[in-house]
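See below for the structure under consideration.
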Amino acid sequence: MPVPDNVRREVEKLRREIEEHNYNYYVLDNPTIPDEQYDQMLRRLIELEEKYPELKTLDSPTQRVGGQVQEGFEPVKHLVPMLSLDNAFNEEELRDFDRRVRSIINDEPVEYVVELKIDGLAVSLLYEDGRLLRGATRGDGETGEDITENLKTVGSIPLRLRQPVSRLEVRGEAYMPKEAFARLNARREENGEPLFANPRNAAAGSLRQLDPKVTASRSLSTFIYGIGYVEGRQMDTHIQGLQFLKELGFRINPDIQVFKDISGVIEYVKSWQDRRFDLSYVIDGMVIKVNSLKQQKKLGYTAKSPRWAIAYKFPAEKAQTKVEDIKISVGRTGVLTPTAYLKPVKVAGSTVSRAVLHNEDIIKKKNIKIGDTVVVHKAGDVIPEIVEVLAEKRTGSEVDFVYPERCPECGTKVERIEGEAAVRCPNQDCPARNREGLFHFVSRPAMDIDGLGPAVISQLLRAGLIKDAADLYSLKYEDLIKLERIGEKSARNLLNAVEESKNRSLGQLIFALGIRHVGQTAAKKLAKHFGTLQKLAQASRDELLAVPEVGPKMADSIVRWFQQEKNQKLLEKLISAGVNTEDVENKGLENNSLEGTTFVLTGTLREFTRQEAKEAVEARGGRVASSVSKKTDYVVVGENPGSKLKKAQELGIKTVNEEEFKKLLG
């Protein structure tokens with residue numbers, strides 16, 4: 001049937017508004033509407049495009065959610081080759097680069113642009129008439145792989161430029177932020193899947209998924225760093241090109257600087273040696289480019305790389321230490337995880353005393369023994385990891401670690417499912433599984449019960465005051481006052497926090513239940529789709545598969561969880577206690593007390609992880625940005641703060657310590 005004019009106008013209006021909100025969120029790091037309002041606009045656009053398929057376009061914001069599974073990646077030729085860069089590893093090699101540049105341009109004045117070298121996957125984006133036509137990997141430099149559908153799911157990549165350009169090919173780096181990398185590996189470990197070694201591998205693996213929906217779930221981002229080809233626009237310098245790209249709607253790294261001589265370059269490069277660890281993403285060096293495009297042309301290229309640019313590579317952050325012990329912990333899903341306890345050593349800006357070994361196969365592959373001297377680093381500057389064993393330093397006193405055949409907590413014979421690396425305790429009543437499940441239930445992303453930390457929960461379990469999560473809602477003042485380090489005020493505060501948690505959102509409750517494979521995002525989707533916990537509990541596998549984010553593994557896991565008698569009794573007790581089981585908008589602790597307020601975090605907080613602090617702010621209507629700007633309201637300063645503190649002081653932005661931050665949260 002013909003499309004009514006008012007529908008066409010509404011679709012175009014929705015697209016413009018959604019594109020503008022995407023630009024504000026992903027490029028300016030300054031969202032202007034709540035997520036719920038954005039979701040409503042996107043759902044309305046999807047609804048109209050499904051009703052009138054002729055309105056669908058390749059650059060519609062609906063294309064970001066992930067299309068059909070692809071059969072494979074086609075080779076595509078870049079308009080201009082993507083060459084690699086020569087490397088420098090010390091100050092003298094940078095000065096040699098400067099001397100080579102000056103010898104060719106006959107000592108003309110030269111400016112250098114210095115950029116952070118993002119550790120991700122190089123990509124090329126081709127636009128025609130302002131619309132994204134194709135996205136590709138670097139490949140061999142001449143030919144890459146067409147990963148357009150996957151790149152469309154990355155929010156920071158514009159599907160339509162903010163100004164018309166007839167033809168444009170840009171280059172950039174797709175990367176995975178540190179927190180997203182940690183979350184992804186945590187999910188994979190829980191599911192018994194192989195872990196990614198670092199954020200770069202995770203980004204590359206995500207962009208080469210045949211199913212774009214998988215890519216869409218991986219929280220990737222981009223920084224665009226250059227123009228490969230452009231029609232109808234002339235520029236004199238590289239920095240002008242970056243400004244032009246920013247005007248078009250691309251995300252440009254904010255820490256780019258221009259210097260008049262190599263000494264300024266070297267000083268800036270050195271300044272990032274340590275403060276790079278304060279970034280929310282991984283960099284492995286700096287890139288130095290001649291700013292003048294005329295001089296770039298004069299300098300030309302070697303067979304492999306431009307003579308006008310060089311990459312300075314930071315030295316690898318590694319340290320030697322000893323494995324003092326290896327201990328097993330049992331998680332809430334029953335996975336037995338070995339952890340190496342190390343002689344404390346400083347690596348990548350912090351002290352490392354433990355390294356998770358993940359599973360038995362890794363211990364065997366790396367041949368790690370108790371007492372070994374080992375080399376450790378932080379995978380992706382995030383996760384402590386044993387890189388190698390220095391076998392030549394063995395004395396004969398080292399001891400092999402024997403993986404337990406029975407659960408160290410309950411004595412049940414452990415199981416290893418074929419095709420999985422994880423060894424699990426199958427006992428649903430295992431005390432360790434129950435304890436870890438309770439820790440998860442009260443955590444900030446879940447029911448967010450302030451004051452109920454691991455120490456208090458362990459005391460409650462030992463005293464027999466609780467057996468499951470629902471028992472928390474039956475606690476009495478006289479129960480709590482008997483516990484160690486719980487005074488009258490603490491007991492009353494704790495009871496108030498438990499009572500307040502009854503009003504958490506349905507999404508938080510679903511996540512708190514600890515159903516295997518169900519993360520925060522999926523829990524929110526399930527809450528919105530089914531509306532009540534009771535409807536979710538009765539859902540069939542096919543009904544679950546109709547929910548975005550839910551695949552076969554997750555659907556089977558949800559069905560199994562709700563079929564277990566133990567879990568059914570838990571739900572009955574939670575409902576009887578008055579815990580919210582409906583998806584009611586704005587219900588819960590979430591409030592708008594921080595609406596319109598922008599925070600930046602720097603340093604290590606004692607009571608919050610970065611993710612927990614971010615979620616606490618967002619739950620109250622605020623937002624957390626990755627860098628300090630004039631739009632920042634507060635910089636939260638933890639231990640060992642980085643360069644963000646200095647930037648805040650320079651701009652006169654208010655700084656708060658952790659206690660002041662907690663008061664702002666209420």
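Lettering and numbering for the structure tokens are positional, with chains as A, B, ... in the shown order, residues counted from 1 in each chain, and ligands counted from 1 in the shown order.
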
Identify, on the basis of only C-alpha atoms, every residue whose closest approach to range 75-85 of chain A does not exceed 10 Å; exclude the query and any residue fewer than 3 positions from it along the same chain; express the result as an mmCIF file with N, CA and C atoms, in the first residue's frame.
```cif
data_model
loop_
_atom_site.group_PDB
_atom_site.id
_atom_site.type_symbol
_atom_site.label_atom_id
_atom_site.label_comp_id
_atom_site.auth_asym_id
_atom_site.auth_seq_id
_atom_site.Cartn_x
_atom_site.Cartn_y
_atom_site.Cartn_z
ATOM 1 N N GLY A 72 29.977 -14.996 4.672
ATOM 2 C CA GLY A 72 31.425 -14.842 4.671
ATOM 3 C C GLY A 72 31.767 -13.405 4.344
ATOM 4 N N ALA A 88 59.622 3.304 16.225
ATOM 5 C CA ALA A 88 60.738 3.819 17.027
ATOM 6 C C ALA A 88 60.535 3.328 18.454
ATOM 7 N N ALA A 122 42.567 -1.730 12.709
ATOM 8 C CA ALA A 122 42.480 -0.657 11.719
ATOM 9 C C ALA A 122 41.331 -0.936 10.752
ATOM 10 N N VAL A 123 40.531 0.098 10.485
ATOM 11 C CA VAL A 123 39.402 -0.050 9.566
ATOM 12 C C VAL A 123 39.381 1.111 8.581
ATOM 13 N N SER A 124 38.754 0.871 7.436
ATOM 14 C CA SER A 124 38.587 1.881 6.405
ATOM 15 C C SER A 124 37.099 2.028 6.130
ATOM 16 N N LEU A 125 36.617 3.277 6.063
ATOM 17 C CA LEU A 125 35.194 3.553 5.854
ATOM 18 C C LEU A 125 35.036 4.380 4.582
ATOM 19 N N LEU A 126 34.202 3.912 3.670
ATOM 20 C CA LEU A 126 33.981 4.606 2.400
ATOM 21 C C LEU A 126 32.573 5.198 2.375
ATOM 22 N N ARG A 134 30.608 1.432 2.545
ATOM 23 C CA ARG A 134 31.347 0.199 2.839
ATOM 24 C C ARG A 134 32.323 0.424 3.976
ATOM 25 N N GLY A 135 32.502 -0.612 4.779
ATOM 26 C CA GLY A 135 33.529 -0.611 5.815
ATOM 27 C C GLY A 135 34.370 -1.861 5.669
ATOM 28 N N ALA A 136 35.674 -1.723 5.846
ATOM 29 C CA ALA A 136 36.558 -2.865 5.603
ATOM 30 C C ALA A 136 37.705 -2.909 6.602
ATOM 31 N N THR A 137 38.278 -4.097 6.759
ATOM 32 C CA THR A 137 39.500 -4.260 7.549
ATOM 33 C C THR A 137 40.692 -3.771 6.730
ATOM 34 N N ARG A 138 41.823 -3.608 7.376
ATOM 35 C CA ARG A 138 43.037 -3.198 6.669
ATOM 36 C C ARG A 138 43.503 -4.279 5.700
ATOM 37 N N GLY A 139 43.422 -5.557 6.146
ATOM 38 C CA GLY A 139 43.911 -6.661 5.319
ATOM 39 C C GLY A 139 45.402 -6.549 5.073
ATOM 40 N N ASP A 140 45.813 -6.692 3.799
ATOM 41 C CA ASP A 140 47.244 -6.588 3.476
ATOM 42 C C ASP A 140 47.644 -5.160 3.118
ATOM 43 N N GLY A 141 46.723 -4.216 3.320
ATOM 44 C CA GLY A 141 46.995 -2.820 2.993
ATOM 45 C C GLY A 141 46.382 -2.409 1.668
ATOM 46 N N GLU A 142 46.406 -3.316 0.699
ATOM 47 C CA GLU A 142 45.783 -3.070 -0.599
ATOM 48 C C GLU A 142 44.332 -3.540 -0.606
ATOM 49 N N THR A 143 44.121 -4.721 -0.029
ATOM 50 C CA THR A 143 42.802 -5.354 -0.040
ATOM 51 C C THR A 143 42.424 -5.792 1.363
ATOM 52 N N GLY A 144 41.206 -5.436 1.771
ATOM 53 C CA GLY A 144 40.715 -5.853 3.079
ATOM 54 C C GLY A 144 39.460 -6.696 2.942
ATOM 55 N N GLU A 145 38.802 -6.964 4.054
ATOM 56 C CA GLU A 145 37.563 -7.734 4.050
ATOM 57 C C GLU A 145 36.387 -6.794 4.311
ATOM 58 N N ASP A 146 35.297 -7.015 3.591
ATOM 59 C CA ASP A 146 34.101 -6.203 3.735
ATOM 60 C C ASP A 146 33.359 -6.595 5.014
ATOM 61 N N ILE A 147 33.408 -5.717 6.023
ATOM 62 C CA ILE A 147 32.715 -5.981 7.289
ATOM 63 C C ILE A 147 31.700 -4.869 7.559
ATOM 64 N N LEU A 168 34.372 9.972 0.053
ATOM 65 C CA LEU A 168 35.319 10.109 1.167
ATOM 66 C C LEU A 168 35.690 8.736 1.696
ATOM 67 N N GLU A 169 36.985 8.504 1.834
ATOM 68 C CA GLU A 169 37.469 7.274 2.479
ATOM 69 C C GLU A 169 38.300 7.686 3.696
ATOM 70 N N VAL A 170 37.887 7.236 4.872
ATOM 71 C CA VAL A 170 38.606 7.591 6.098
ATOM 72 C C VAL A 170 39.183 6.348 6.749
ATOM 73 N N ARG A 171 40.191 6.568 7.594
ATOM 74 C CA ARG A 171 40.860 5.479 8.307
ATOM 75 C C ARG A 171 40.739 5.717 9.808
ATOM 76 N N ILE A 227 42.363 10.834 6.665
ATOM 77 C CA ILE A 227 41.638 10.759 5.397
ATOM 78 C C ILE A 227 42.491 10.000 4.397
ATOM 79 N N GLY A 228 41.895 8.977 3.791
ATOM 80 C CA GLY A 228 42.595 8.267 2.724
ATOM 81 C C GLY A 228 42.362 8.941 1.382
ATOM 82 N N TYR A 229 41.097 9.353 1.189
ATOM 83 C CA TYR A 229 40.727 9.957 -0.097
ATOM 84 C C TYR A 229 39.517 10.865 0.128
ATOM 85 N N VAL A 287 51.759 8.028 17.765
ATOM 86 C CA VAL A 287 52.033 8.172 16.339
ATOM 87 C C VAL A 287 52.416 9.623 16.067
ATOM 88 N N ILE A 288 53.535 9.799 15.371
ATOM 89 C CA ILE A 288 54.038 11.143 15.060
ATOM 90 C C ILE A 288 53.951 11.338 13.551
ATOM 91 N N TYR A 301 56.994 7.969 0.171
ATOM 92 C CA TYR A 301 56.834 6.663 0.802
ATOM 93 C C TYR A 301 57.993 5.741 0.466
ATOM 94 N N THR A 302 58.222 4.799 1.361
ATOM 95 C CA THR A 302 59.053 3.639 1.020
ATOM 96 C C THR A 302 58.088 2.583 0.479
ATOM 97 N N ALA A 303 58.559 1.387 0.238
ATOM 98 C CA ALA A 303 57.692 0.324 -0.286
ATOM 99 C C ALA A 303 56.597 -0.039 0.707
ATOM 100 N N LYS A 304 56.870 0.139 2.006
ATOM 101 C CA LYS A 304 55.926 -0.325 3.026
ATOM 102 C C LYS A 304 55.271 0.781 3.835
ATOM 103 N N SER A 305 55.930 1.935 3.954
ATOM 104 C CA SER A 305 55.438 2.917 4.926
ATOM 105 C C SER A 305 55.730 4.343 4.478
ATOM 106 N N PRO A 306 54.972 5.308 5.001
ATOM 107 C CA PRO A 306 55.233 6.714 4.681
ATOM 108 C C PRO A 306 56.493 7.211 5.390
ATOM 109 N N ARG A 307 57.240 8.084 4.738
ATOM 110 C CA ARG A 307 58.431 8.668 5.358
ATOM 111 C C ARG A 307 58.055 9.801 6.308
ATOM 112 N N TRP A 308 56.802 10.249 6.258
ATOM 113 C CA TRP A 308 56.363 11.403 7.049
ATOM 114 C C TRP A 308 55.701 11.014 8.373
ATOM 115 N N ALA A 309 55.742 9.735 8.714
ATOM 116 C CA ALA A 309 55.113 9.299 9.973
ATOM 117 C C ALA A 309 55.914 8.163 10.588
ATOM 118 N N ILE A 310 55.795 8.042 11.905
ATOM 119 C CA ILE A 310 56.469 6.961 12.628
ATOM 120 C C ILE A 310 55.660 6.638 13.889
ATOM 121 N N ALA A 311 55.716 5.394 14.312
ATOM 122 C CA ALA A 311 55.023 4.975 15.536
ATOM 123 C C ALA A 311 56.053 4.742 16.632
ATOM 124 N N TYR A 312 55.885 5.437 17.734
ATOM 125 C CA TYR A 312 56.727 5.194 18.909
ATOM 126 C C TYR A 312 56.034 4.140 19.766
#
```

Taking 3 positions as the minimum chain separation for residues in the same chain, which residues sit within 7 Å of range 394-411 of chain A when counting only C-alpha atoms? Answer as a VMD selection string. chain A and resid 360 369 to 372 391 414 425 430 to 432

Could you tell me, as an NGL selection string, which residues of range 430-547 of chain A DSSP assigns to helix (DSSP H, G or I) when given the backbone? :A and (431-442 or 454-462 or 469-474 or 477-480 or 488-503 or 506-512 or 520-530 or 533-538 or 541-545)

Can you tell me which residues surround Gly264 in chain A at a distance of at most 12 Å, considering only C-alpha atoms, apart from same-chain residues fewer than 2 positions away, and format the answer as a list in words?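 Surrounding residues, per the criterion: Glu91, Leu94, Arg95, Asp98, Glu111, Tyr112, Val113, Val114, Gln257, Val258, Phe259, Lys260, Asp261, Ile262, Ile266, Glu267, Tyr268, Val269, Lys270, Ser271 and Ile288 of chain A.
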
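Between CA of Arg620 in chain A and CA of Asp448 in chain A the separation is 13.0 Å.
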
Could you check the closest approach to Gln234 in chain A for each of A:Lys343, A:Lys294, A:Arg131, A:Arg424 and tell me which residue wins, using only C-alpha atoms? A:Lys294

When you look at range 535-543 of chain A with a cut-off of 9 Å (counting only C-alpha atoms), what residues show up, excluding the ones that are within fewer than 6 positions of it in the same chain? I need them as a list in words.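 The neighbour list is Leu526, Ala527, His529, Pro552, Ala555, Asp556, Ile558, Val559, Trp561, Phe562, Gln563 and Gln568 of chain A.
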
Quick one: of A:Gly621, A:Gly519, A:Pro344, A:Pro338, who's nearest to Thr321 in chain A, counting only C-alpha atoms? A:Pro344

Identify all residues of range 296-423 of chain A in strand (DSSP E or B) (DSSP on the backbone) and supply them as a ChimeraX atom specification. /A:301,306,309-313,318-330,335-347,350-356,369-370,373-379,383-389,399-400,406,413,415

Need the shell around range 460-470 of chain A: protein/DNA/RNA residues with any atom at most 9 Å away, counting only C-alpha atoms. Skip same-chain ones fewer than 4 positions apart. Format as a list of chain:residue names? A:Asn434, A:Arg435, A:Gly437, A:Leu438, A:Phe441, A:Val442, A:Ala455, A:Val456, A:Ser474, A:Leu475, A:Asp479, A:Leu480, A:Leu483, A:Leu513, A:Leu570, A:Leu571, A:Glu572, A:Lys573, A:Leu574, A:Ile575, A:Ala577

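Between CA of Arg276 in chain A and CA of Leu342 in chain A the interatomic distance comes to 24.6 Å.
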
List as a compact mmCIF listing (two decimals) with N, CA and C atoms, in the first residue's frame the protein and nucleic acid residues near Leu207 in chain A, meaning an atom at most 7 Å away when only C-alpha atoms are counted, but skip any in the same chain fewer than 4 places from it.
```txt
# COMPACT_ATOMS: atom_id res chain seq x y z
N ASN A 150 28.87 -5.33 10.18
CA ASN A 150 29.36 -5.31 11.56
C ASN A 150 29.71 -3.89 11.99
N ALA A 203 38.43 -6.97 20.01
CA ALA A 203 37.84 -6.09 18.99
C ALA A 203 37.90 -6.74 17.62
N THR A 215 28.42 -8.71 17.13
CA THR A 215 29.23 -7.48 17.14
C THR A 215 28.51 -6.38 17.91
```

To one decimal place in Å, what is the distance between CA of Ile157 in chain A and CA of Thr62 in chain A?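 CA of Thr62 in chain A lies at a distance of 13.6 Å from CA of Ile157 in chain A.
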
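With only C-alpha atoms as the atoms that count, the residue of A:Thr339, A:Ser219, A:Gln163, A:Ser156 with the shortest distance to Asn253 in chain A is A:Ser156.
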
Using only C-alpha atoms: which of A:Val656, A:Ile105, A:Val635, A:Ala421 has the shortest distance to Arg188 in chain A: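 So, comparing all the options, the nearest one is A:Ala421.
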
Rank nothing, just name the residue among A:Ala197, A:Leu161, A:Val579, A:Met176 nearest to Phe244 in chain A, using only C-alpha atoms.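 Checking each of A:Ala197, A:Leu161, A:Val579, A:Met176 against Phe244 in chain A, counting only C-alpha atoms, the winner is A:Leu161.
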